[in-house]
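target00.cif follows (mmCIF, C-alpha atoms):
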data_data
loop_
_atom_site.label_atom_id
_atom_site.label_comp_id
_atom_site.auth_asym_id
_atom_site.auth_seq_id
_atom_site.Cartn_x
_atom_site.Cartn_y
_atom_site.Cartn_z
CA MET U 31 0.00 0.00 0.00
CA ALA U 32 2.83 2.39 0.86
CA ASP U 33 4.27 2.05 -2.65
CA GLU U 34 0.93 2.46 -4.43
CA VAL U 35 0.18 5.81 -2.78
CA LEU U 36 2.97 8.29 -2.09
CA VAL U 37 2.49 11.07 0.47
CA GLU U 38 4.73 14.12 0.65
CA ARG U 39 4.56 17.30 2.74
CA ARG U 40 5.49 20.56 1.03
CA ASP U 41 5.13 23.81 2.99
CA GLY U 42 1.76 22.97 4.52
CA VAL U 43 0.55 21.09 1.45
CA CYS U 44 -0.04 17.32 1.47
CA VAL U 45 0.74 15.88 -1.98
CA ILE U 46 -0.97 12.51 -2.49
CA THR U 47 0.19 10.58 -5.55
CA ILE U 48 -1.49 7.45 -6.89
CA ASN U 49 1.59 5.48 -7.91
CA ARG U 50 0.60 2.68 -10.27
CA PRO U 51 1.79 4.12 -13.59
CA GLY U 52 2.12 0.66 -15.14
CA ALA U 53 -1.62 0.14 -14.56
CA LYS U 54 -2.60 3.72 -15.53
CA ASN U 55 -3.10 4.35 -11.80
CA ALA U 56 -6.12 2.06 -11.71
CA LEU U 57 -7.81 1.93 -8.34
CA ASP U 58 -7.48 -1.22 -6.26
CA ARG U 59 -7.96 -1.78 -2.54
CA ALA U 60 -4.42 -0.74 -1.65
CA VAL U 61 -4.83 2.57 -3.47
CA ALA U 62 -8.17 3.16 -1.78
CA GLU U 63 -6.75 2.55 1.67
CA GLY U 64 -3.68 4.64 0.91
CA VAL U 65 -5.66 7.65 -0.29
CA ALA U 66 -8.07 7.38 2.64
CA ALA U 67 -5.18 7.28 5.11
CA ALA U 68 -3.54 10.27 3.43
CA VAL U 69 -6.63 12.47 3.65
CA ASP U 70 -7.04 11.42 7.29
CA GLU U 71 -3.49 12.61 7.85
CA LEU U 72 -4.32 15.86 6.06
CA ASP U 73 -7.28 16.54 8.33
CA ALA U 74 -5.49 15.49 11.52
CA SER U 75 -2.30 17.49 11.07
CA ASP U 76 -1.97 21.04 12.39
CA GLU U 77 0.83 21.64 9.88
CA LEU U 78 -1.09 20.63 6.76
CA ARG U 79 -3.56 23.13 5.29
CA VAL U 80 -4.31 21.86 1.75
CA GLY U 81 -4.18 18.55 -0.09
CA VAL U 82 -3.26 17.88 -3.73
CA LEU U 83 -4.27 14.56 -5.32
CA THR U 84 -2.47 13.49 -8.50
CA GLY U 85 -1.30 10.44 -10.43
CA ALA U 86 2.17 9.26 -11.40
CA GLY U 87 3.46 8.74 -14.92
CA GLY U 88 1.36 11.19 -16.89
CA THR U 89 -2.07 9.73 -16.07
CA PHE U 90 -4.41 10.76 -13.26
CA SER U 91 -6.35 7.48 -13.07
CA ALA U 92 -8.06 5.15 -15.53
CA GLY U 93 -10.64 4.14 -12.90
CA MET U 94 -11.29 0.92 -11.04
CA ASP U 95 -8.83 -1.93 -11.51
CA LEU U 96 -11.00 -4.58 -13.15
CA LYS U 97 -8.51 -7.36 -12.43
CA ALA U 98 -8.66 -6.49 -8.74
CA PHE U 99 -12.44 -6.35 -8.98
CA LEU U 100 -12.49 -9.89 -10.35
CA ARG U 101 -10.38 -10.92 -7.33
CA GLY U 102 -13.13 -9.57 -5.09
CA GLU U 103 -11.48 -6.25 -4.21
CA THR U 104 -13.29 -2.94 -4.06
CA PRO U 105 -11.74 0.55 -4.08
CA ALA U 106 -14.64 1.87 -1.98
CA ILE U 107 -14.27 2.43 1.76
CA GLU U 108 -17.41 1.59 3.74
CA GLY U 109 -19.34 4.76 4.54
CA ARG U 110 -16.77 6.97 2.80
CA GLY U 111 -17.06 6.07 -0.88
CA LEU U 112 -14.39 5.67 -3.54
CA CYS U 113 -10.91 5.88 -2.00
CA GLY U 114 -12.57 7.28 1.11
CA ILE U 115 -13.31 10.71 -0.40
CA THR U 116 -16.35 10.67 -2.73
CA GLN U 117 -18.92 10.37 0.07
CA ALA U 118 -16.82 11.85 2.87
CA PRO U 119 -14.34 14.38 1.48
CA PRO U 120 -11.76 15.86 3.87
CA ARG U 121 -12.60 18.97 5.88
CA LYS U 122 -9.62 20.77 4.40
CA PRO U 123 -9.40 21.92 0.76
CA LEU U 124 -8.38 19.22 -1.71
CA LEU U 125 -7.11 19.98 -5.21
CA ALA U 126 -6.79 17.61 -8.18
CA ALA U 127 -3.72 17.89 -10.43
CA VAL U 128 -4.67 16.10 -13.63
CA GLU U 129 -2.41 14.87 -16.41
CA GLY U 130 -3.63 12.54 -19.14
CA TRP U 131 -6.81 10.59 -18.52
CA ALA U 132 -9.20 10.86 -15.58
CA LEU U 133 -11.73 8.18 -16.41
CA ALA U 134 -14.68 6.55 -14.61
CA GLY U 135 -13.65 6.14 -10.97
CA GLY U 136 -10.62 8.32 -11.65
CA PHE U 137 -12.90 11.11 -12.81
CA GLU U 138 -15.11 10.57 -9.77
CA LEU U 139 -12.05 11.24 -7.60
CA VAL U 140 -11.59 14.53 -9.46
CA LEU U 141 -15.20 15.41 -8.67
CA ALA U 142 -14.53 14.76 -4.99
CA CYS U 143 -11.84 17.45 -5.07
CA ASP U 144 -12.68 21.11 -4.53
CA LEU U 145 -10.51 22.65 -7.25
CA VAL U 146 -8.99 21.21 -10.41
CA VAL U 147 -5.76 22.10 -12.20
CA ALA U 148 -5.27 20.22 -15.47
CA ALA U 149 -2.78 19.99 -18.27
CA GLU U 150 -4.15 21.21 -21.60
CA THR U 151 -3.86 17.63 -22.88
CA ALA U 152 -5.86 16.08 -20.02
CA ARG U 153 -9.17 14.36 -20.72
CA PHE U 154 -12.11 13.56 -18.46
CA GLY U 155 -14.76 10.92 -18.96
CA VAL U 156 -17.51 8.75 -17.48
CA PRO U 157 -17.77 5.92 -20.05
CA GLU U 158 -19.80 3.54 -17.85
CA VAL U 159 -22.93 3.55 -20.05
CA LYS U 160 -20.87 2.12 -22.91
CA ARG U 161 -20.68 -1.08 -20.82
CA SER U 162 -24.26 -0.85 -19.53
CA LEU U 163 -23.01 0.39 -16.19
CA VAL U 164 -23.80 3.55 -14.20
CA ALA U 165 -21.32 6.09 -12.82
CA ALA U 166 -22.47 5.29 -9.30
CA GLY U 167 -19.23 6.22 -7.54
CA GLY U 168 -20.23 9.87 -7.62
CA GLY U 169 -20.26 10.73 -11.32
CA ALA U 170 -24.01 10.82 -11.84
CA LEU U 171 -24.55 12.57 -8.50
CA LEU U 172 -21.72 15.09 -8.45
CA LEU U 173 -21.14 16.05 -12.09
CA PRO U 174 -24.43 17.99 -12.45
CA ARG U 175 -23.34 20.07 -9.44
CA ARG U 176 -20.06 21.03 -11.09
CA VAL U 177 -21.04 21.81 -14.67
CA PRO U 178 -24.27 22.87 -16.43
CA TYR U 179 -26.88 20.12 -16.34
CA ALA U 180 -26.99 19.65 -20.12
CA VAL U 181 -23.19 19.29 -20.29
CA ALA U 182 -23.22 16.79 -17.43
CA LEU U 183 -25.99 14.74 -18.98
CA GLU U 184 -24.27 14.67 -22.38
CA MET U 185 -21.11 13.29 -20.76
CA LEU U 186 -23.04 10.76 -18.68
CA LEU U 187 -25.36 9.53 -21.45
CA THR U 188 -22.87 9.38 -24.33
CA GLY U 189 -19.88 8.23 -22.32
CA ASP U 190 -17.76 10.48 -24.51
CA PRO U 191 -14.82 12.32 -22.92
CA LEU U 192 -14.30 16.04 -22.43
CA ASP U 193 -10.93 17.61 -23.17
CA ALA U 194 -9.33 19.98 -20.69
CA PRO U 195 -9.93 23.26 -22.58
CA ARG U 196 -13.66 22.45 -22.84
CA ALA U 197 -13.68 21.36 -19.19
CA ALA U 198 -12.26 24.77 -18.29
CA GLU U 199 -14.90 26.51 -20.43
CA VAL U 200 -17.75 24.82 -18.54
CA GLY U 201 -16.20 25.49 -15.13
CA LEU U 202 -14.92 22.04 -14.19
CA VAL U 203 -11.24 23.05 -14.38
CA ASN U 204 -9.93 26.10 -12.52
CA ARG U 205 -6.57 26.42 -14.23
CA LEU U 206 -4.93 24.98 -17.34
CA THR U 207 -1.21 24.33 -17.65
CA PRO U 208 1.09 23.04 -20.39
CA GLU U 209 1.46 19.26 -20.51
CA GLY U 210 3.50 18.08 -17.53
CA GLY U 211 2.73 21.18 -15.49
CA ALA U 212 -0.46 20.22 -13.65
CA LEU U 213 1.20 19.40 -10.33
CA ASP U 214 3.25 22.60 -10.33
CA GLY U 215 0.10 24.54 -11.20
CA ALA U 216 -1.82 22.88 -8.38
CA LEU U 217 0.98 23.59 -5.93
CA GLU U 218 0.97 27.23 -7.02
CA LEU U 219 -2.78 27.45 -6.35
CA ALA U 220 -2.39 25.56 -3.06
CA ALA U 221 0.26 28.08 -2.02
CA ARG U 222 -2.39 30.81 -2.38
CA ILE U 223 -4.69 28.89 -0.03
CA ALA U 224 -2.35 27.46 2.60
CA PRO U 225 -1.38 30.76 4.33
CA ASN U 226 -5.02 31.54 5.19
CA GLY U 227 -6.66 30.77 8.52
CA PRO U 228 -7.17 26.98 8.85
CA LEU U 229 -10.43 27.29 10.78
CA ALA U 230 -11.78 29.72 8.20
CA LEU U 231 -10.75 27.45 5.33
CA ALA U 232 -12.52 24.42 6.77
CA ALA U 233 -15.66 26.40 7.66
CA THR U 234 -15.81 28.08 4.26
CA LYS U 235 -15.57 24.69 2.53
CA ALA U 236 -18.25 23.26 4.82
CA VAL U 237 -20.68 26.08 3.99
CA ALA U 238 -19.97 26.03 0.26
CA ARG U 239 -20.39 22.25 -0.01
CA GLY U 240 -23.37 22.01 2.32
CA SER U 241 -25.32 24.89 0.81
CA ALA U 242 -26.36 22.83 -2.21
CA ASP U 243 -28.58 20.77 0.09
CA TRP U 244 -30.02 23.65 2.15
CA THR U 245 -33.03 25.83 1.51
CA PHE U 246 -32.35 29.56 1.40
CA ALA U 247 -33.86 30.14 4.84
CA GLU U 248 -32.19 27.09 6.36
CA GLY U 249 -28.85 28.11 4.91
CA TRP U 250 -28.46 31.17 7.12
CA ALA U 251 -28.99 29.15 10.29
CA ARG U 252 -26.70 26.33 9.16
CA GLN U 253 -24.04 28.81 8.11
CA ALA U 254 -24.19 30.51 11.53
CA GLU U 255 -23.66 27.17 13.30
CA ILE U 256 -20.51 26.57 11.28
CA THR U 257 -19.05 30.07 11.26
CA ALA U 258 -19.82 31.32 14.79
CA PRO U 259 -16.95 29.34 16.37
CA VAL U 260 -14.57 30.78 13.77
CA PHE U 261 -15.51 34.38 14.57
CA ALA U 262 -15.04 33.60 18.29
CA SER U 263 -11.67 31.91 17.82
CA GLU U 264 -8.16 32.98 18.78
CA ASP U 265 -7.27 32.87 15.10
CA ALA U 266 -9.92 35.48 14.26
CA ARG U 267 -8.43 37.83 16.84
CA GLU U 268 -4.96 37.06 15.54
CA GLY U 269 -6.04 37.87 11.99
CA ALA U 270 -7.34 41.27 13.02
CA ALA U 271 -4.27 42.00 15.15
CA ALA U 272 -1.88 40.98 12.37
CA PHE U 273 -3.68 43.28 9.92
CA ALA U 274 -3.52 46.22 12.34
CA GLU U 275 0.15 45.56 13.12
CA LYS U 276 1.07 45.04 9.45
CA ARG U 277 2.60 41.60 10.01
CA ALA U 278 1.97 38.03 8.91
CA PRO U 279 -0.53 36.18 11.12
CA VAL U 280 0.51 33.18 13.21
CA TRP U 281 -2.36 30.70 13.17
CA ARG U 282 -2.94 28.28 16.03
CA GLY U 283 -6.04 26.51 14.73
CA ARG U 284 -8.10 27.50 17.73
#

What's the structure tokens form of this structure?
Amino acid sequence: MADEVLVERRDGVCVITINRPGAKNALDRAVAEGVAAAVDELDASDELRVGVLTGAGGTFSAGMDLKAFLRGETPAIEGRGLCGITQAPPRKPLLAAVEGWALAGGFELVLACDLVVAAETARFGVPEVKRSLVAAGGGALLLPRRVPYAVALEMLLTGDPLDAPRAAEVGLVNRLTPEGGALDGALELAARIAPNGPLALAATKAVARGSADWTFAEGWARQAEITAPVFASEDAREGAAAFAEKRAPVWRGR
């Protein structure tokens, strides 16, 4: 498992790399457990502020490992979804750095991430219907929340892929990079996020993700529950003091 998922810390950023390039980073049980453990580490660490998920060898992930599936393995973690993130994403921001293909379950991992940086040559797809299957790992549920409904349904019903420039046009991809530059681009974006208050980052993500399921009236009350502890925190006072004193803030996560 340790070899199939590599975890590296870089200046408050947790870089999680699916490391099965010979199998196009297909998802087996070891990968699932490795990714789940890495995002648990991300959430538990006071030093880590942002996660970046990527794949080795020029491919993000070709999806579920069918050979492993035939052996009885599943890349889903009970109660948490694919690789432990599609149903229960981490509290902290998670970025996808995509090179090459992100297909089926691989694409569903992208959808579990908050922001996406992709090489101009990357391609995204949910081809399940071509095999009389359904993108039930999050594709059919999450894609219509990320792109216009008609675009999502075209991808889901045809099974045809979307190239990275088009994915950026419809809002799925935040930033495009030259081929080979997705990880550097994601790290650059992560470096814009990591210096911010950790409590504020987690609360902001919780509100933004949760709001899709709230009514307008309910949203204000739910938002207050999440944000009130942040406004009352030591970090909030530190942020104001640092601004007044024209210095960098020192966050304590409390």

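Taking all atoms listed in the file into account, Glu108 in chain U lies nearest to U:Glu63 out of the set U:Glu63, U:Glu255, U:Glu275, U:Asp76.
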
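Taken over the whole file, the PyMOL selection byres ((chain U and resi 43) around 8) covers exactly Arg39, Arg40, Asp41, Gly42, Cys44, Val45, Leu78, Arg79, Val80, Gly81, Val82, Leu217, Ala220, Ala221 and Ala224 of chain U.
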
Review point. Quick one: of U:Gly210, U:Glu150, U:Lys122, U:Thr245, who's nearest to Ala230 in chain U, counting all atoms listed in the file?
Key: U:Lys122

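The smallest atom-to-atom distance between Pro225 in chain U and any of U:Ala68, U:Val280, U:Val128, U:Ala98, using all atoms listed in the file, is found for U:Val280.
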
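Considering the residues U:Ala67, U:Ala148, U:Arg59, U:Gly227 and counting all atoms listed in the file, Ala212 in chain U has its shortest atom-to-atom contact with U:Ala148.
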
Check your understanding: Looking at only C-alpha atoms, which of U:Gly93, U:Pro119, U:Glu218, U:Ala53 is the one that sits closest to Gly240 in chain U?
Key -> U:Pro119

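With CA of Ala272 in chain U on one side and CA of Leu124 in chain U on the other, the separation reads 26.7 Å.
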